[in-house]
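Undergrad: File structure-v3.cif follows (mmCIF, C-alpha atoms):
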```cif
data_final
loop_
_atom_site.label_atom_id
_atom_site.label_comp_id
_atom_site.auth_asym_id
_atom_site.auth_seq_id
_atom_site.Cartn_x
_atom_site.Cartn_y
_atom_site.Cartn_z
CA MET A 1 0.00 0.00 0.00
CA ALA A 2 2.49 2.64 1.21
CA GLY A 3 5.29 3.35 -1.21
CA THR A 4 3.05 3.06 -4.26
CA LYS A 5 2.30 6.77 -4.36
CA LYS A 6 3.90 10.04 -3.29
CA PRO A 7 3.73 10.52 0.49
CA PRO A 8 1.26 13.21 1.56
CA ILE A 9 2.14 16.58 3.05
CA GLY A 10 2.04 16.92 6.84
CA GLN A 11 4.07 13.89 7.86
CA ARG A 12 6.26 13.90 10.95
CA PRO A 13 9.54 12.25 9.87
CA GLU A 14 11.11 13.07 13.24
CA ILE A 15 8.38 10.93 14.85
CA ALA A 16 8.22 8.16 12.26
CA GLY A 17 12.01 7.83 12.28
CA LEU A 18 12.00 6.85 15.96
CA VAL A 19 9.93 3.72 15.33
CA PRO A 20 12.36 0.77 15.58
CA ASP A 21 13.03 -1.17 12.38
CA GLY A 22 11.96 -4.35 14.16
CA ALA A 23 8.53 -3.03 15.20
CA LYS A 24 5.79 -5.05 13.54
CA LYS A 25 2.66 -3.65 15.20
CA ILE A 26 2.26 0.07 15.78
CA LEU A 27 -0.61 2.13 17.20
CA ASP A 28 -0.85 5.83 16.33
CA VAL A 29 -3.16 7.41 18.91
CA GLY A 30 -4.74 10.54 17.46
CA CYS A 31 -3.60 9.56 13.98
CA SER A 32 -5.36 12.43 12.18
CA THR A 33 -5.32 11.64 8.43
CA GLY A 34 -2.78 8.83 8.84
CA ASP A 35 0.27 10.61 7.44
CA VAL A 36 2.67 9.44 10.18
CA GLY A 37 1.57 5.84 9.77
CA PHE A 38 1.90 6.16 6.01
CA LEU A 39 5.51 7.24 6.39
CA ILE A 40 6.25 4.39 8.82
CA LYS A 41 4.78 1.80 6.45
CA ASP A 42 6.80 3.29 3.62
CA ARG A 43 10.00 2.56 5.57
CA ILE A 44 9.35 -0.78 7.29
CA LYS A 45 7.07 -3.75 6.76
CA CYS A 46 4.59 -3.46 9.60
CA GLU A 47 0.96 -3.18 10.67
CA VAL A 48 -0.21 0.28 11.72
CA PHE A 49 -3.48 0.91 13.57
CA GLY A 50 -4.83 4.39 14.20
CA ILE A 51 -7.34 5.99 16.56
CA GLU A 52 -8.95 9.30 15.61
CA ILE A 53 -11.89 11.24 17.07
CA ASP A 54 -12.62 13.21 13.88
CA SER A 55 -14.65 10.94 11.59
CA GLU A 56 -13.63 12.78 8.41
CA LYS A 57 -9.92 12.50 9.23
CA ALA A 58 -10.41 8.88 10.30
CA SER A 59 -11.95 8.13 6.92
CA GLN A 60 -8.89 9.56 5.16
CA ALA A 61 -6.57 7.61 7.46
CA SER A 62 -8.36 4.35 6.70
CA SER A 63 -7.01 4.44 3.15
CA LYS A 64 -3.42 4.60 4.46
CA LEU A 65 -3.43 2.43 7.60
CA ASP A 66 -4.36 -1.19 8.30
CA LYS A 67 -7.14 -0.33 10.74
CA VAL A 68 -8.61 2.92 12.05
CA ILE A 69 -10.85 3.19 15.11
CA THR A 70 -13.03 6.29 15.39
CA GLY A 71 -13.74 7.63 18.85
CA ASP A 72 -12.64 9.55 21.95
CA ILE A 73 -9.42 7.95 23.19
CA GLU A 74 -10.14 9.00 26.78
CA ALA A 75 -13.69 7.72 26.96
CA MET A 76 -13.85 4.62 24.81
CA ASP A 77 -12.65 1.05 25.09
CA PRO A 78 -10.74 0.55 21.83
CA GLY A 79 -11.24 -3.21 22.02
CA LEU A 80 -7.59 -4.04 21.47
CA ASP A 81 -5.62 -6.97 22.86
CA LYS A 82 -3.31 -6.63 25.84
CA GLY A 83 0.35 -6.26 24.88
CA TYR A 84 -0.42 -6.28 21.17
CA PHE A 85 1.77 -3.37 20.05
CA ASP A 86 5.54 -2.95 19.77
CA CYS A 87 5.18 0.81 19.59
CA ILE A 88 2.46 3.30 20.57
CA ILE A 89 2.64 6.90 19.36
CA PHE A 90 1.18 9.98 21.06
CA ALA A 91 2.22 12.80 18.71
CA ASP A 92 0.65 16.19 19.49
CA VAL A 93 -2.18 14.50 21.38
CA LEU A 94 -1.77 14.53 25.17
CA GLU A 95 -1.95 18.31 25.48
CA HIS A 96 -5.49 18.14 24.08
CA LEU A 97 -6.76 15.73 26.75
CA ARG A 98 -8.48 16.26 30.09
CA ALA A 99 -6.44 13.52 31.78
CA PRO A 100 -3.23 12.83 29.81
CA LEU A 101 -1.55 10.83 32.60
CA LYS A 102 -4.55 8.55 33.01
CA THR A 103 -4.66 8.06 29.24
CA VAL A 104 -1.00 7.04 28.96
CA LYS A 105 -1.53 4.54 31.79
CA LYS A 106 -4.61 3.20 30.03
CA TYR A 107 -2.80 2.60 26.75
CA SER A 108 0.20 1.00 28.48
CA TYR A 109 -2.06 -2.04 28.74
CA TYR A 110 -1.81 -2.48 24.96
CA LEU A 111 1.99 -2.15 24.82
CA LYS A 112 4.29 -5.16 24.97
CA ASP A 113 6.56 -5.34 28.01
CA ASP A 114 9.57 -4.55 25.82
CA GLY A 115 7.70 -2.07 23.62
CA ILE A 116 8.09 1.71 23.49
CA PHE A 117 5.98 4.84 23.51
CA ILE A 118 6.88 7.79 21.29
CA ILE A 119 5.51 10.96 22.88
CA SER A 120 5.75 14.54 21.64
CA LEU A 121 4.72 17.47 23.84
CA PRO A 122 4.79 21.25 23.32
CA ASN A 123 6.99 23.40 25.58
CA VAL A 124 5.09 26.22 27.27
CA ARG A 125 8.44 27.60 28.47
CA HIS A 126 9.26 28.63 24.90
CA ILE A 127 10.66 32.15 24.50
CA LYS A 128 7.69 33.39 22.47
CA VAL A 129 5.20 32.30 25.13
CA LEU A 130 7.35 33.85 27.88
CA PHE A 131 7.76 37.10 25.95
CA ASP A 132 4.04 37.37 25.26
CA THR A 133 3.17 36.59 28.89
CA ILE A 134 5.86 38.48 30.84
CA VAL A 135 6.61 41.44 28.55
CA LEU A 136 3.31 41.95 26.71
CA GLY A 137 1.03 40.64 29.44
CA GLU A 138 -0.72 38.38 26.93
CA TRP A 139 -2.02 34.84 27.27
CA LYS A 140 -3.48 34.56 23.82
CA TYR A 141 -4.67 31.35 22.17
CA GLU A 142 -3.92 30.73 18.50
CA PRO A 143 -5.24 28.40 15.76
CA PHE A 144 -2.17 26.15 16.09
CA GLY A 145 1.21 25.86 17.81
CA ILE A 146 2.11 25.90 21.50
CA MET A 147 -0.85 28.13 22.34
CA ASP A 148 -3.30 26.12 20.23
CA GLU A 149 -6.82 27.07 21.29
CA THR A 150 -7.71 23.37 21.74
CA HIS A 151 -4.91 22.69 24.27
CA LEU A 152 -6.18 21.77 27.71
CA ARG A 153 -2.80 20.96 29.32
CA PHE A 154 0.58 22.67 29.18
CA PHE A 155 4.03 21.14 29.67
CA THR A 156 7.65 22.01 30.37
CA LEU A 157 10.56 19.59 30.11
CA LYS A 158 10.31 18.73 33.82
CA SER A 159 6.56 18.29 33.89
CA SER A 160 6.71 16.19 30.70
CA ARG A 161 9.21 13.83 32.28
CA ARG A 162 7.26 13.71 35.52
CA MET A 163 4.04 12.74 33.78
CA ILE A 164 5.77 10.02 31.77
CA GLU A 165 7.47 8.63 34.88
CA GLU A 166 4.22 8.69 36.86
CA ALA A 167 2.71 6.59 34.09
CA GLY A 168 5.25 3.88 34.95
CA LEU A 169 7.61 4.61 32.07
CA GLU A 170 11.29 5.51 31.65
CA PRO A 171 11.53 8.67 29.51
CA ILE A 172 14.46 9.33 27.22
CA LEU A 173 14.53 12.74 25.56
CA LYS A 174 15.28 12.08 21.90
CA LYS A 175 14.65 15.31 20.06
CA ARG A 176 14.15 19.02 20.57
CA ILE A 177 12.14 20.72 17.87
CA PHE A 178 12.92 24.38 17.20
CA SER A 179 10.26 26.48 15.51
CA LEU A 180 11.58 30.05 15.35
CA LYS A 181 13.94 30.97 12.52
CA GLY A 182 17.53 30.99 13.69
CA SER A 183 16.85 28.97 16.86
CA ARG A 184 19.32 26.23 15.96
CA ILE A 185 22.10 28.73 15.26
CA ILE A 186 21.41 30.63 18.49
CA ASN A 187 21.39 27.35 20.42
CA PHE A 188 24.73 26.38 18.89
CA LEU A 189 26.39 29.78 19.46
CA THR A 190 25.22 29.91 23.09
CA LEU A 191 26.39 26.34 23.78
CA GLY A 192 22.86 25.22 24.56
CA ILE A 193 22.44 27.51 27.57
CA PHE A 194 19.04 28.71 26.34
CA LYS A 195 17.92 25.45 24.75
CA ASN A 196 14.86 25.05 27.00
CA PHE A 197 13.64 28.48 25.93
CA LEU A 198 14.23 27.82 22.23
CA THR A 199 12.61 24.38 22.17
CA ALA A 200 9.06 24.40 20.83
CA GLN A 201 8.46 20.69 21.33
CA TYR A 202 10.04 17.75 23.12
CA VAL A 203 9.98 14.25 21.67
CA PHE A 204 10.47 11.32 24.05
CA VAL A 205 10.92 7.60 23.67
CA ALA A 206 9.66 5.82 26.79
CA ALA A 207 9.73 2.19 27.85
CA LYS A 208 8.04 0.41 30.73
CA LYS A 209 10.07 0.64 33.93
CA SER A 210 11.77 -2.51 35.09
CA MET A 211 11.29 -3.21 38.76
CA ASN A 212 15.00 -2.85 39.53
CA LYS A 213 15.85 0.20 37.45
CA LYS A 214 15.49 3.90 38.09
CA PRO A 215 14.00 6.13 35.38
CA ARG A 216 16.53 7.21 32.78
CA ARG A 217 17.18 10.85 32.11
CA GLY A 218 17.53 12.36 28.66
#
```
Would you put the structure from the file into structure tokens?

TA:
Amino acid sequence: MAGTKKPPIGQRPEIAGLVPDGAKKILDVGCSTGDVGFLIKDRIKCEVFGIEIDSEKASQASSKLDKVITGDIEAMDPGLDKGYFDCIIFADVLEHLRAPLKTVKKYSYYLKDDGIFIISLPNVRHIKVLFDTIVLGEWKYEPFGIMDETHLRFFTLKSSRRMIEEAGLEPILKKRIFSLKGSRIINFLTLGIFKNFLTAQYVFVAAKKSMNKKPRRG
């Protein structure tokens, strides 16, 4: 299926690239139109399921993924088997939920003991948000981005790690995503001193904690 036509716009290669080559069963929670799953299937031979609350987007995703479930990920029982997936993705999803910690714990049930989560979260400590809040006195929602008007929860690096750890997982920070022009150069020239203010989004890989290991730090 994937690989037979040009990949669609809107993929997240930085997310898809973190899926291990050996993963055979992947769940993309909040899969939107299925672009991330499409990109994964284009790279490795695997089965990708998606869950999406928007029925129109779910319909588009169904043409790219192996199975798409339509519904509210917080409220519904997806009817999936325990420990079925090698990898579960929460990309730009948890900040939209009422109870993100509870949701991660819920979906841990469907992850194999040696499987991984891939989790991306926006950074509310970003310089633009701080400037707008502290200097301009603004807390203004926008159609998209860190201050997306549909965001119910806000995260920093510390609170992101804490939530992931409280879900019984070991978080490893894998990527920092910079959004403002010149952020990478500034980060390099300042030796990373301001990296937490230049980061727009954090991307974690997280595995289930072993009983004898402490959480790993990225």

Undergrad: For a cutoff of 10 Å around the file-coordinate point (-10.7, 8.0, 8.4), which residues qualify once you count only C-alpha atoms? I'd like the result as a PyMOL selection string.

TA: chain A and resi 31-34+50-65+67-70

Undergrad: What is the CA of Trp139 in chain A to CA of Asn123 in chain A distance in Å?

TA: 14.7 Å

Undergrad: Might you spell out which residues the PyMOL selection byres ((chain A and resi 201) around 6) would select in the displayed file, as a list in words?

TA: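 That selection, the PyMOL selection byres ((chain A and resi 201) around 6), comes back as Leu121, Pro122, Asn123, Arg176, Ile177, Thr199, Ala200 and Tyr202 of chain A.
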
Undergrad: List the neighbours of Phe38 in chain A out to 8 Å using all atoms listed in the file; skip same-chain residues closer than 2 positions along the sequence, and give me the result as a PDB file with C-alpha atoms, in the coordinates of the input.

TA:
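Writing done, so here's around-v2.pdb:
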```
ATOM      1  CA  ALA A   2       2.490   2.640   1.210  1.00  0.00           C
ATOM      2  CA  PRO A   7       3.730  10.520   0.490  1.00  0.00           C
ATOM      3  CA  GLY A  34      -2.780   8.830   8.840  1.00  0.00           C
ATOM      4  CA  ASP A  35       0.270  10.610   7.440  1.00  0.00           C
ATOM      5  CA  VAL A  36       2.670   9.440  10.180  1.00  0.00           C
ATOM      6  CA  ILE A  40       6.250   4.390   8.820  1.00  0.00           C
ATOM      7  CA  LYS A  41       4.780   1.800   6.450  1.00  0.00           C
ATOM      8  CA  ASP A  42       6.800   3.290   3.620  1.00  0.00           C
ATOM      9  CA  LYS A  64      -3.420   4.600   4.460  1.00  0.00           C
ATOM     10  CA  LEU A  65      -3.430   2.430   7.600  1.00  0.00           C
TER      11      LEU A  65
END
```

Undergrad: Looking at only C-alpha atoms, which of A:Glu142, A:Asp148, A:Glu47, A:Glu170 is the one that sits closest to Asp114 in chain A?

TA: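 So, comparing all the options, the nearest one is A:Glu170.
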
Undergrad: Rounded to one decimal in Å, what is the spacing between CA of Val93 in chain A and CA of Asp72 in chain A?

TA: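 A separation of 11.6 Å between them.
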
Undergrad: Give me the result of the PyMOL selection byres ((chain A and resi 90) around 10) on this file, residue by residue, as a list in words.

TA: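 Given this file, the PyMOL selection byres ((chain A and resi 90) around 10) evaluates to Ile15, Leu27, Asp28, Val29, Gly30, Cys31, Ile88, Ile89, Ala91, Asp92, Val93, Leu94, Glu95, Val104, Phe117, Ile118, Ile119, Ser120, Leu121, Val203 and Phe204 of chain A.
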
Undergrad: Select, from A:Arg43, A:Lys195, A:His126, A:Lys25, the residue with the minimum atom-to-atom distance to Pro13 in chain A, counting only C-alpha atoms.

TA: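 Comparing A:Arg43, A:Lys195, A:His126, A:Lys25 against Pro13 in chain A, the winner is A:Arg43.
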
Undergrad: List every protein, DNA or RNA residue that has at least one atom no more than 7 Å from (-4.3, 21.7, 25.1) in the file's coordinates, counting all atoms listed in the file, and write the result as a list in words.

TA: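 Applying the cut-off with all atoms listed in the file, one gets Glu95, His96, Leu97, Asp148, Thr150, His151, Leu152, Arg153 and Phe154 of chain A.
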